[in-house]
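Chemist: What follows is entry.cif, mmCIF, C-alpha atoms.
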```
data_final
loop_
_atom_site.label_atom_id
_atom_site.label_comp_id
_atom_site.auth_asym_id
_atom_site.auth_seq_id
_atom_site.Cartn_x
_atom_site.Cartn_y
_atom_site.Cartn_z
CA MET A 1 0.00 0.00 0.00
CA GLU A 2 1.31 3.42 -0.90
CA GLU A 3 0.27 6.50 1.04
CA GLY A 4 0.27 10.18 0.24
CA GLU A 5 2.01 12.73 2.36
CA GLY A 6 0.76 14.06 5.64
CA SER A 7 -2.43 13.42 7.48
CA ASN A 8 -4.56 16.10 8.94
CA GLY A 9 -8.03 14.62 8.66
CA GLY A 10 -8.99 16.52 5.51
CA VAL A 11 -8.38 19.98 6.92
CA PHE A 12 -5.62 22.43 6.29
CA GLU A 13 -5.51 26.08 6.89
CA GLY A 14 -6.51 28.31 4.04
CA GLY A 15 -7.64 25.52 1.68
CA LEU A 16 -9.28 22.21 1.04
CA GLU A 17 -7.91 18.72 1.11
CA VAL A 18 -9.67 15.67 -0.20
CA ARG A 19 -8.53 12.17 0.73
CA VAL A 20 -8.84 9.91 -2.23
CA LEU A 21 -8.50 6.16 -1.90
CA VAL A 22 -7.26 4.83 -5.25
CA VAL A 23 -7.82 1.12 -5.77
CA ASP A 24 -6.22 -0.57 -8.78
CA ASP A 25 -4.31 -3.83 -9.15
CA SER A 26 -2.09 -2.34 -11.88
CA PRO A 27 0.96 -0.58 -10.42
CA VAL A 28 1.32 1.50 -13.58
CA GLU A 29 -2.25 2.73 -13.55
CA ARG A 30 -2.15 3.38 -9.82
CA ARG A 31 0.93 5.52 -10.23
CA MET A 32 -0.54 7.42 -13.16
CA VAL A 33 -3.75 8.20 -11.29
CA GLU A 34 -1.75 9.22 -8.26
CA GLY A 35 0.38 11.50 -10.43
CA LEU A 36 -2.71 13.05 -12.01
CA LEU A 37 -4.33 13.69 -8.64
CA LYS A 38 -1.22 15.29 -7.21
CA LYS A 39 -0.57 17.37 -10.31
CA SER A 40 -4.06 18.81 -10.24
CA GLY A 41 -3.26 20.86 -7.17
CA ALA A 42 -2.48 20.54 -3.53
CA MET A 43 -6.03 19.55 -2.65
CA PHE A 44 -5.79 15.78 -3.07
CA GLN A 45 -4.20 13.48 -0.57
CA VAL A 46 -3.82 10.08 -2.16
CA ILE A 47 -3.91 6.65 -0.56
CA ALA A 48 -3.22 4.00 -3.20
CA VAL A 49 -3.85 0.28 -2.69
CA ASP A 50 -3.62 -2.69 -5.00
CA SER A 51 -6.79 -4.61 -4.16
CA GLY A 52 -10.33 -4.43 -2.91
CA LYS A 53 -9.26 -6.36 0.18
CA ARG A 54 -6.66 -3.73 1.07
CA ALA A 55 -9.19 -1.00 0.42
CA MET A 56 -11.50 -2.64 2.96
CA GLU A 57 -8.66 -2.62 5.51
CA VAL A 58 -8.04 1.07 4.93
CA LEU A 59 -11.74 1.77 5.30
CA GLY A 60 -11.99 -0.34 8.44
CA LEU A 61 -14.60 -2.58 6.87
CA THR A 62 -12.93 -5.94 7.47
CA ASP A 63 -14.11 -8.50 10.00
CA ASP A 64 -10.58 -9.30 11.07
CA LYS A 65 -9.76 -6.04 12.80
CA ALA A 66 -8.22 -8.10 15.57
CA GLU A 67 -5.59 -9.40 13.15
CA HIS A 68 -4.64 -5.89 12.13
CA PRO A 69 -4.84 -3.89 15.36
CA THR A 70 -2.36 -1.30 14.14
CA VAL A 71 -4.18 -0.49 10.90
CA ASP A 72 -5.14 3.14 10.97
CA HIS A 73 -8.72 3.31 9.68
CA GLN A 74 -8.19 6.47 7.79
CA LYS A 75 -10.88 8.89 6.86
CA VAL A 76 -11.51 8.68 3.14
CA ASP A 77 -13.50 11.27 1.26
CA ILE A 78 -13.73 9.60 -2.14
CA ILE A 79 -13.02 6.08 -3.42
CA LEU A 80 -11.71 5.81 -6.96
CA THR A 81 -11.64 2.16 -7.90
CA ASP A 82 -10.90 0.10 -10.97
CA TYR A 83 -13.75 -2.15 -12.01
CA SER A 84 -11.77 -5.22 -13.12
CA MET A 85 -9.66 -6.58 -10.33
CA PRO A 86 -8.99 -10.15 -9.27
CA GLU A 87 -10.76 -11.65 -6.25
CA MET A 88 -12.68 -8.57 -5.20
CA THR A 89 -13.82 -6.50 -8.17
CA GLY A 90 -14.57 -2.80 -8.09
CA TYR A 91 -18.24 -3.72 -8.22
CA ASP A 92 -17.87 -5.91 -5.11
CA LEU A 93 -16.05 -3.11 -3.33
CA LEU A 94 -18.70 -0.59 -4.35
CA LYS A 95 -21.48 -2.85 -3.07
CA THR A 96 -19.76 -3.42 0.27
CA VAL A 97 -18.95 0.24 0.78
CA LYS A 98 -22.50 1.33 0.04
CA GLU A 99 -23.92 -1.32 2.34
CA GLN A 100 -21.62 -0.58 5.22
CA SER A 101 -21.14 3.17 5.11
CA CYS A 102 -24.78 4.14 5.26
CA ARG A 103 -24.39 6.65 8.09
CA LYS A 104 -21.65 8.58 6.32
CA PRO A 105 -21.75 7.36 2.75
CA ILE A 106 -18.51 7.62 0.83
CA PRO A 107 -18.74 8.55 -2.85
CA VAL A 108 -17.43 5.78 -5.07
CA ILE A 109 -16.27 6.43 -8.59
CA ILE A 110 -15.62 3.46 -10.86
CA MET A 111 -12.83 3.47 -13.46
CA SER A 112 -12.89 1.11 -16.39
CA SER A 113 -11.21 0.69 -19.74
CA GLU A 114 -14.38 -0.91 -21.12
CA ASN A 115 -17.21 1.28 -22.31
CA GLU A 116 -20.02 -1.16 -21.52
CA PRO A 117 -23.48 0.24 -20.88
CA GLN A 118 -24.50 -2.80 -18.83
CA ARG A 119 -21.49 -2.40 -16.58
CA ILE A 120 -22.25 1.28 -16.09
CA SER A 121 -25.92 0.62 -15.28
CA ARG A 122 -24.98 -2.09 -12.81
CA CYS A 123 -22.69 0.23 -10.94
CA ARG A 124 -25.08 3.15 -11.01
CA ALA A 125 -27.90 0.93 -9.78
CA ILE A 126 -26.09 0.21 -6.53
CA GLY A 127 -24.96 3.75 -5.92
CA ALA A 128 -21.80 4.53 -7.85
CA GLU A 129 -21.54 8.29 -8.13
CA ASP A 130 -19.74 8.24 -11.43
CA PHE A 131 -18.10 6.03 -14.01
CA ILE A 132 -14.94 7.16 -15.75
CA LEU A 133 -13.22 5.64 -18.78
CA LYS A 134 -9.55 4.84 -18.50
CA PRO A 135 -6.98 6.15 -19.05
CA LEU A 136 -7.94 9.06 -16.84
CA GLN A 137 -7.35 12.58 -18.04
CA THR A 138 -6.87 15.85 -16.19
CA ASN A 139 -10.51 16.92 -16.57
CA ASP A 140 -11.67 13.63 -15.02
CA VAL A 141 -9.63 14.40 -11.95
CA LEU A 142 -11.00 17.92 -11.74
CA ARG A 143 -14.51 16.46 -11.68
CA LEU A 144 -13.68 14.56 -8.51
CA ARG A 145 -13.75 17.83 -6.62
CA SER A 146 -17.50 17.99 -7.11
CA TYR A 147 -17.90 14.90 -4.94
CA ALA A 148 -16.58 16.64 -1.86
CA ARG A 149 -17.98 19.98 -0.80
CA PRO A 150 -16.55 22.31 1.86
CA THR A 151 -18.53 23.46 4.87
CA GLU A 152 -17.25 26.79 6.04
CA LEU A 153 -16.77 27.10 9.83
CA SER A 154 -17.56 30.38 11.59
CA PRO A 155 -14.40 32.45 11.56
CA ARG A 156 -12.91 33.35 14.91
CA THR A 157 -11.24 36.67 15.52
CA GLY A 158 -7.49 36.50 15.20
CA THR A 159 -7.38 33.00 13.72
CA LYS A 160 -7.11 31.82 10.15
CA ARG A 161 -10.23 30.30 8.64
CA LYS A 162 -10.35 26.54 8.46
CA MET A 163 -12.52 24.50 6.18
CA THR A 164 -13.83 21.04 6.69
CA LEU A 165 -15.40 18.81 4.13
CA GLU A 166 -18.78 17.23 3.84
CA LEU A 167 -19.48 14.55 1.38
CA MET A 168 -21.82 14.82 -1.56
CA ALA A 169 -23.27 11.34 -1.56
CA GLU A 170 -26.37 11.81 -3.67
CA ASN A 171 -26.72 12.22 -7.38
CA SER A 172 -27.34 15.84 -8.17
CA GLY A 173 -28.71 15.48 -11.67
CA SER A 174 -27.53 16.23 -15.14
CA ASP A 175 -24.03 17.39 -14.27
CA ARG A 176 -23.19 13.92 -13.09
CA ARG A 177 -23.06 12.15 -16.44
CA PRO A 178 -20.14 9.79 -16.79
CA ARG A 179 -17.41 10.70 -19.21
CA LEU A 180 -18.11 8.19 -21.93
CA ALA A 181 -17.18 8.52 -25.52
CA GLY A 182 -20.25 8.54 -27.69
CA LEU A 183 -22.70 7.41 -25.04
CA ALA A 184 -25.74 9.46 -24.15
CA VAL A 185 -26.96 9.07 -20.60
CA SER A 186 -30.57 9.73 -19.81
CA MET B 1 25.16 5.06 -35.97
CA LEU B 2 25.37 8.74 -35.15
CA PRO B 3 27.09 11.11 -37.59
CA LEU B 4 30.78 11.83 -36.83
CA CYS B 5 30.08 15.38 -35.67
CA SER B 6 27.57 14.10 -33.12
CA ARG B 7 30.00 11.48 -31.89
CA VAL B 8 32.77 14.08 -31.50
CA LEU B 9 30.39 16.41 -29.67
CA LEU B 10 29.07 13.66 -27.45
CA SER B 11 32.63 12.75 -26.44
CA HIS B 12 32.65 16.07 -24.59
CA PRO B 13 29.60 15.37 -22.45
CA PHE B 14 29.21 18.75 -20.82
CA SER B 15 29.77 21.16 -23.67
CA PRO B 16 26.80 23.32 -24.73
CA MET B 17 26.92 21.83 -28.19
CA SER B 18 26.68 18.31 -26.84
CA LEU B 19 23.67 19.30 -24.72
CA MET B 20 21.96 20.67 -27.81
CA ALA B 21 22.82 17.52 -29.70
CA LEU B 22 21.44 15.39 -26.89
CA ARG B 23 18.19 17.35 -26.79
CA GLU B 24 17.87 17.14 -30.53
CA GLN B 25 18.53 13.44 -30.47
CA LEU B 26 15.90 12.94 -27.77
CA ASN B 27 13.32 14.98 -29.69
CA MET B 28 14.02 13.05 -32.87
CA LEU B 29 13.73 9.76 -31.04
CA VAL B 30 10.40 10.62 -29.44
CA ASN B 31 9.02 12.02 -32.70
CA SER B 32 10.00 8.87 -34.54
CA MET B 33 8.23 6.80 -31.89
CA TYR B 34 5.02 8.72 -32.54
CA ILE B 35 5.41 8.38 -36.30
CA GLU B 36 6.06 4.65 -36.10
CA GLY B 37 3.02 4.14 -33.87
CA LEU B 38 4.99 3.06 -30.82
CA LEU B 39 3.51 5.96 -28.86
CA ASP B 40 0.23 7.84 -28.91
CA GLN B 41 -0.85 11.11 -27.35
CA GLN B 42 -1.35 9.48 -23.95
CA PHE B 43 2.45 9.60 -23.65
CA GLN B 44 2.18 13.39 -23.64
CA GLN B 45 -0.13 13.09 -20.65
CA LEU B 46 2.60 11.13 -18.89
CA GLN B 47 5.21 13.74 -19.78
CA MET B 48 2.95 16.52 -18.45
CA LEU B 49 2.91 14.88 -15.04
CA GLN B 50 6.66 15.37 -14.69
CA ASP B 51 7.70 18.62 -13.09
CA ALA B 52 10.11 20.05 -10.54
CA SER B 53 8.33 18.23 -7.71
CA SER B 54 8.39 14.91 -9.61
CA PRO B 55 11.49 15.17 -11.83
CA GLY B 56 11.80 11.43 -12.40
CA PHE B 57 8.12 10.68 -12.95
CA VAL B 58 8.41 9.60 -16.58
CA ALA B 59 11.35 7.29 -15.87
CA GLU B 60 9.57 5.85 -12.84
CA VAL B 61 6.40 5.04 -14.75
CA ILE B 62 8.29 3.66 -17.76
CA ASN B 63 10.29 1.38 -15.47
CA LEU B 64 7.12 0.27 -13.70
CA PHE B 65 5.51 -0.43 -17.05
CA CYS B 66 8.46 -2.49 -18.29
CA GLU B 67 8.69 -4.55 -15.11
CA ASP B 68 4.97 -5.19 -15.16
CA ALA B 69 4.92 -6.00 -18.87
CA GLU B 70 7.74 -8.51 -18.57
CA ARG B 71 6.09 -10.18 -15.62
CA ILE B 72 2.88 -10.50 -17.62
CA LEU B 73 4.64 -11.74 -20.76
CA THR B 74 6.40 -14.43 -18.71
CA GLU B 75 3.08 -15.61 -17.30
CA LEU B 76 1.44 -15.51 -20.72
CA THR B 77 4.22 -17.57 -22.25
CA LYS B 78 3.67 -20.28 -19.64
CA LEU B 79 -0.10 -20.24 -20.01
CA VAL B 80 -0.24 -20.29 -23.79
CA ASP B 81 2.29 -23.11 -23.85
CA GLN B 82 0.01 -25.45 -21.91
CA ALA B 83 -1.62 -28.35 -23.70
CA VAL B 84 -4.98 -27.04 -22.55
CA VAL B 85 -5.03 -23.28 -22.46
CA ASP B 86 -6.99 -21.46 -19.78
CA PHE B 87 -8.25 -18.68 -22.03
CA GLN B 88 -9.87 -16.79 -19.17
CA LYS B 89 -6.59 -16.53 -17.32
CA VAL B 90 -4.79 -15.55 -20.49
CA ASP B 91 -7.39 -12.89 -21.19
CA ALA B 92 -7.06 -11.50 -17.68
CA TYR B 93 -3.33 -11.00 -18.12
CA VAL B 94 -3.71 -9.51 -21.58
CA HIS B 95 -6.33 -7.17 -20.20
CA GLN B 96 -3.83 -6.00 -17.57
CA LEU B 97 -1.15 -5.39 -20.16
CA LYS B 98 -3.61 -3.59 -22.39
CA GLY B 99 -4.50 -1.31 -19.48
CA SER B 100 -0.96 -0.42 -18.52
CA SER B 101 0.13 0.08 -22.13
CA SER B 102 -2.86 2.32 -22.68
CA SER B 103 -1.95 4.36 -19.60
CA VAL B 104 1.59 5.11 -20.77
CA GLY B 105 0.69 5.63 -24.41
CA ALA B 106 2.28 2.42 -25.71
CA GLN B 107 0.03 2.31 -28.76
CA ASN B 108 1.31 -0.69 -30.73
CA VAL B 109 1.45 -2.84 -27.62
CA LYS B 110 -2.09 -1.80 -26.71
CA LEU B 111 -3.42 -2.58 -30.19
CA ALA B 112 -1.67 -5.95 -30.20
CA CYS B 113 -3.31 -6.72 -26.86
CA ILE B 114 -6.73 -5.86 -28.25
CA GLN B 115 -6.15 -8.33 -31.08
CA PHE B 116 -4.88 -10.90 -28.61
CA ARG B 117 -8.07 -10.63 -26.55
CA GLN B 118 -10.07 -11.34 -29.66
CA PHE B 119 -8.31 -14.71 -29.99
CA CYS B 120 -8.91 -15.43 -26.32
CA GLU B 121 -12.60 -14.80 -26.82
CA GLU B 122 -12.57 -17.28 -29.71
CA ASN B 123 -10.62 -19.84 -27.63
CA ASN B 124 -8.14 -19.90 -30.50
CA LYS B 125 -4.84 -21.32 -29.27
CA ASP B 126 -2.89 -20.77 -32.48
CA GLY B 127 -4.22 -17.26 -32.69
CA CYS B 128 -3.11 -16.66 -29.11
CA LEU B 129 0.36 -18.02 -29.80
CA ASN B 130 0.78 -15.73 -32.77
CA ALA B 131 -0.72 -12.79 -30.94
CA LEU B 132 1.67 -13.29 -28.04
CA ASN B 133 4.60 -13.14 -30.44
CA VAL B 134 3.25 -9.94 -31.93
CA VAL B 135 2.84 -8.38 -28.48
CA LYS B 136 6.38 -9.39 -27.55
CA HIS B 137 7.74 -7.97 -30.79
CA HIS B 138 6.10 -4.61 -30.18
CA TYR B 139 6.97 -4.54 -26.52
CA TYR B 140 10.70 -5.27 -26.97
CA LEU B 141 10.93 -2.75 -29.77
CA LEU B 142 9.36 -0.17 -27.48
CA ARG B 143 11.54 -1.12 -24.56
CA ASN B 144 14.72 -0.61 -26.57
CA LYS B 145 13.56 2.84 -27.53
CA PHE B 146 12.54 3.63 -23.96
CA ASP B 147 16.01 2.56 -22.79
CA THR B 148 17.63 4.99 -25.23
CA MET B 149 15.17 7.72 -24.25
CA LEU B 150 15.90 7.37 -20.56
CA GLN B 151 19.65 7.30 -21.13
CA LEU B 152 19.43 10.53 -23.09
CA GLU B 153 17.25 12.13 -20.42
CA GLN B 154 19.70 11.09 -17.72
CA ARG B 155 22.57 12.66 -19.61
CA ILE B 156 20.61 15.86 -20.16
CA GLN B 157 19.68 16.02 -16.49
CA ALA B 158 23.28 15.38 -15.48
CA TYR B 159 24.33 18.30 -17.62
CA ASP B 160 21.62 20.53 -16.14
CA SER B 161 22.67 19.58 -12.60
CA LYS B 162 26.27 20.38 -13.38
CA GLN B 163 25.26 23.76 -14.74
CA GLN B 164 23.34 24.57 -11.56
CA ASN B 165 26.27 23.63 -9.27
#
```
Go ahead and render the structure in this file as structure tokens.
Modeler:
Amino acid sequence: MEEGEGSNGGVFEGGLEVRVLVVDDSPVERRMVEGLLKKSGAMFQVIAVDSGKRAMEVLGLTDDKAEHPTVDHQKVDIILTDYSMPEMTGYDLLKTVKEQSCRKPIPVIIMSSENEPQRISRCRAIGAEDFILKPLQTNDVLRLRSYARPTELSPRTGTKRKMTLELMAENSGSDRRPRLAGLAVS
Amino acid sequence: MLPLCSRVLLSHPFSPMSLMALREQLNMLVNSMYIEGLLDQQFQQLQMLQDASSPGFVAEVINLFCEDAERILTELTKLVDQAVVDFQKVDAYVHQLKGSSSSVGAQNVKLACIQFRQFCEENNKDGCLNALNVVKHHYYLLRNKFDTMLQLEQRIQAYDSKQQN
């Protein structure tokens, strides 16, 4: 598992930080996505893992917490997962996350190299916020920002303003179409 | 073989002329890779991710790609050589290689993988054997060019570091 720098729970003075959990079994694609996220600005903190199982550990959704007592169940603002992975697919991960994070739902965005309408519908039907075709581009990464919205705290005299994040877990309508070449989404 | 003037210039590694020659050589190499179909515009995306905070990003990703590709090709060679081929397993590996080659802009490798997957879908062993050879051909051609590219970049960076010191 590779981790981004620093950890301050999604808050830093004067700006926004979004923790993105990147899940992809391909080391090349993981590194590319990580590079894209970091290049897009200082707002993304990236945690990259190579499997759905490891993603579950990061999210604290495994049954065997006793076996991993030192795992830091890190706060994650967005999950960006590949669809096709061995053992636990992105679909399986999506399903589990949506079932188990109902109090504070985490947005899940699926990445896939295959432009298959059935696959997209399946993922949308169980709550995927978006579906992005690989390889990812800069504008795909910029869209991720829309899945985390800041909540401004009341400013205190003499202190710098701090911002915390709330999650946008629900579909907001037409601006949430997946980036799919040649596919119209109703 | 480089022209004599280039060889003379390159024998003085830190002269301004040799730096220009190195940069020109690198540009020509990369351009030829686009023209020959080894690379597509996704490679530009990769190059754009390299900056002062990630100066070795391109080299890192290329090395990751090559390690991963060779691991996959080794597995594919074993699988396709079996008396009874597990086409699903083969397809899974080819899918991985297609994904990583697509990410770095390795166009010919990606296209060869797409063709390879077609043979997997048809459960065509001979087709898979041929397709594997095609993928290997394109991959090793690309790898040789990547090796040259990275060597040139290293030399250019060494010159730049020397200039700054």
Chemist: Report as a list in words the full result of the PyMOL selection byres ((chain A and resi 44) around 8) when it is applied to this structure.
Modeler: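 Taken over the shown coordinates, the PyMOL selection byres ((chain A and resi 44) around 8) returns Glu17, Val18, Arg19, Val20, Leu37, Lys38, Ser40, Gly41, Ala42, Met43, Gln45 and Val46 of chain A.
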Chemist: Within 8 Å of chain A, which residues of chain B are there when counting all atoms listed in the file? Please give them as a list in words.
Modeler: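 Result, ordered by chain then number: Gln45, Leu46, Leu49, Val61, Leu64, Phe65, Asp68, Gln96, Gly99, Ser100, Ser102 and Ser103 of chain B.
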Chemist: Could you tell me, as a VMD selection string, exactly which residues end up selected when the PyMOL selection byres ((chain B and resi 149) around 12) is applied to this structure?
Modeler: chain B and resid 22 to 33 58 to 59 62 to 63 142 to 148 150 to 156
Chemist: I'd like the interatomic distance between CA of Glu129 in chain A and CA of Gln42 in chain B, to a tenth of an Å.
Modeler: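 According to the coordinates, CA of Glu129 in chain A and CA of Gln42 in chain B are separated by 25.7 Å.
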Chemist: The PyMOL selection byres ((chain B and resi 117) around 12) - which residues does that actually catch in the file I just gave you? List them as a short mmCIF file (atom, residue, chain, number, x, y, z; two decimals) with C-alpha atoms, in the coordinates of the input.
Modeler:
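expr-v1.cif was written with the following content:
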```cif
data_model
loop_
_atom_site.label_atom_id
_atom_site.label_comp_id
_atom_site.auth_asym_id
_atom_site.auth_seq_id
_atom_site.Cartn_x
_atom_site.Cartn_y
_atom_site.Cartn_z
CA PHE B 87 -8.25 -18.68 -22.03
CA GLN B 88 -9.87 -16.79 -19.17
CA LYS B 89 -6.59 -16.53 -17.32
CA VAL B 90 -4.79 -15.55 -20.49
CA ASP B 91 -7.39 -12.89 -21.19
CA ALA B 92 -7.06 -11.50 -17.68
CA TYR B 93 -3.33 -11.00 -18.12
CA VAL B 94 -3.71 -9.51 -21.58
CA HIS B 95 -6.33 -7.17 -20.20
CA GLN B 96 -3.83 -6.00 -17.57
CA LEU B 97 -1.15 -5.39 -20.16
CA LYS B 98 -3.61 -3.59 -22.39
CA LYS B 110 -2.09 -1.80 -26.71
CA LEU B 111 -3.42 -2.58 -30.19
CA ALA B 112 -1.67 -5.95 -30.20
CA CYS B 113 -3.31 -6.72 -26.86
CA ILE B 114 -6.73 -5.86 -28.25
CA GLN B 115 -6.15 -8.33 -31.08
CA PHE B 116 -4.88 -10.90 -28.61
CA GLN B 118 -10.07 -11.34 -29.66
CA PHE B 119 -8.31 -14.71 -29.99
CA CYS B 120 -8.91 -15.43 -26.32
CA GLU B 121 -12.60 -14.80 -26.82
CA GLU B 122 -12.57 -17.28 -29.71
CA ASN B 123 -10.62 -19.84 -27.63
CA ASN B 124 -8.14 -19.90 -30.50
CA LYS B 125 -4.84 -21.32 -29.27
CA GLY B 127 -4.22 -17.26 -32.69
CA CYS B 128 -3.11 -16.66 -29.11
CA LEU B 129 0.36 -18.02 -29.80
CA ASN B 130 0.78 -15.73 -32.77
CA ALA B 131 -0.72 -12.79 -30.94
CA LEU B 132 1.67 -13.29 -28.04
CA VAL B 135 2.84 -8.38 -28.48
#
```
Chemist: What are the centre and the three edge lengths of an axis-aligned box that wraps all atoms of range 111-130 of chain A in the file, given that 6 Å is added to every side, written as JSON and rounded to one decimal in Å?
Modeler:
```
{"center_x": -19.6, "center_y": 2.7, "center_z": -14.1, "size_x": 28.7, "size_y": 23.1, "size_z": 28.4}
```
Chemist: So what do you get for CA of Tyr139 in chain B versus CA of Asn108 in chain B, distance-wise?
Modeler: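 Computing the Euclidean distance for CA of Tyr139 in chain B and CA of Asn108 in chain B yields 8.0 Å.
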